[in-house]
Amino acid sequence: MGAGPAGASLALLLARRGLQVDLIDAAGRGGRPFRGEGLMPSGLAALAAMGLEPLPQSVAHR
């Protein structure tokens, strides 16, 4: 599965259920420019639902 937000989220949920997951990004080596600069409230709610809240202090957010 891809390593975008949806693919990475699905990979996390599947791995937590004990399934082996391989994340493969189309860019290969990374190096893609960052595409997002913020999270909408619904995005924060999705992170909380996956148990990924609070956000680390090293991640800029407001």
# chains A, B, ... in the order shown; residues from 1 in each chain; ligands from 1

$ residues_around --residues "A:Gly43" --least-positions-apart "3" --cutoff "12 Å" --atoms "only C-alpha atoms" --output "count of residues only"
15

$ residues_around --residues "A:Gly7" --least-positions-apart "4" --cutoff "12 Å" --atoms "only C-alpha atoms" --output "count of residues only"
14
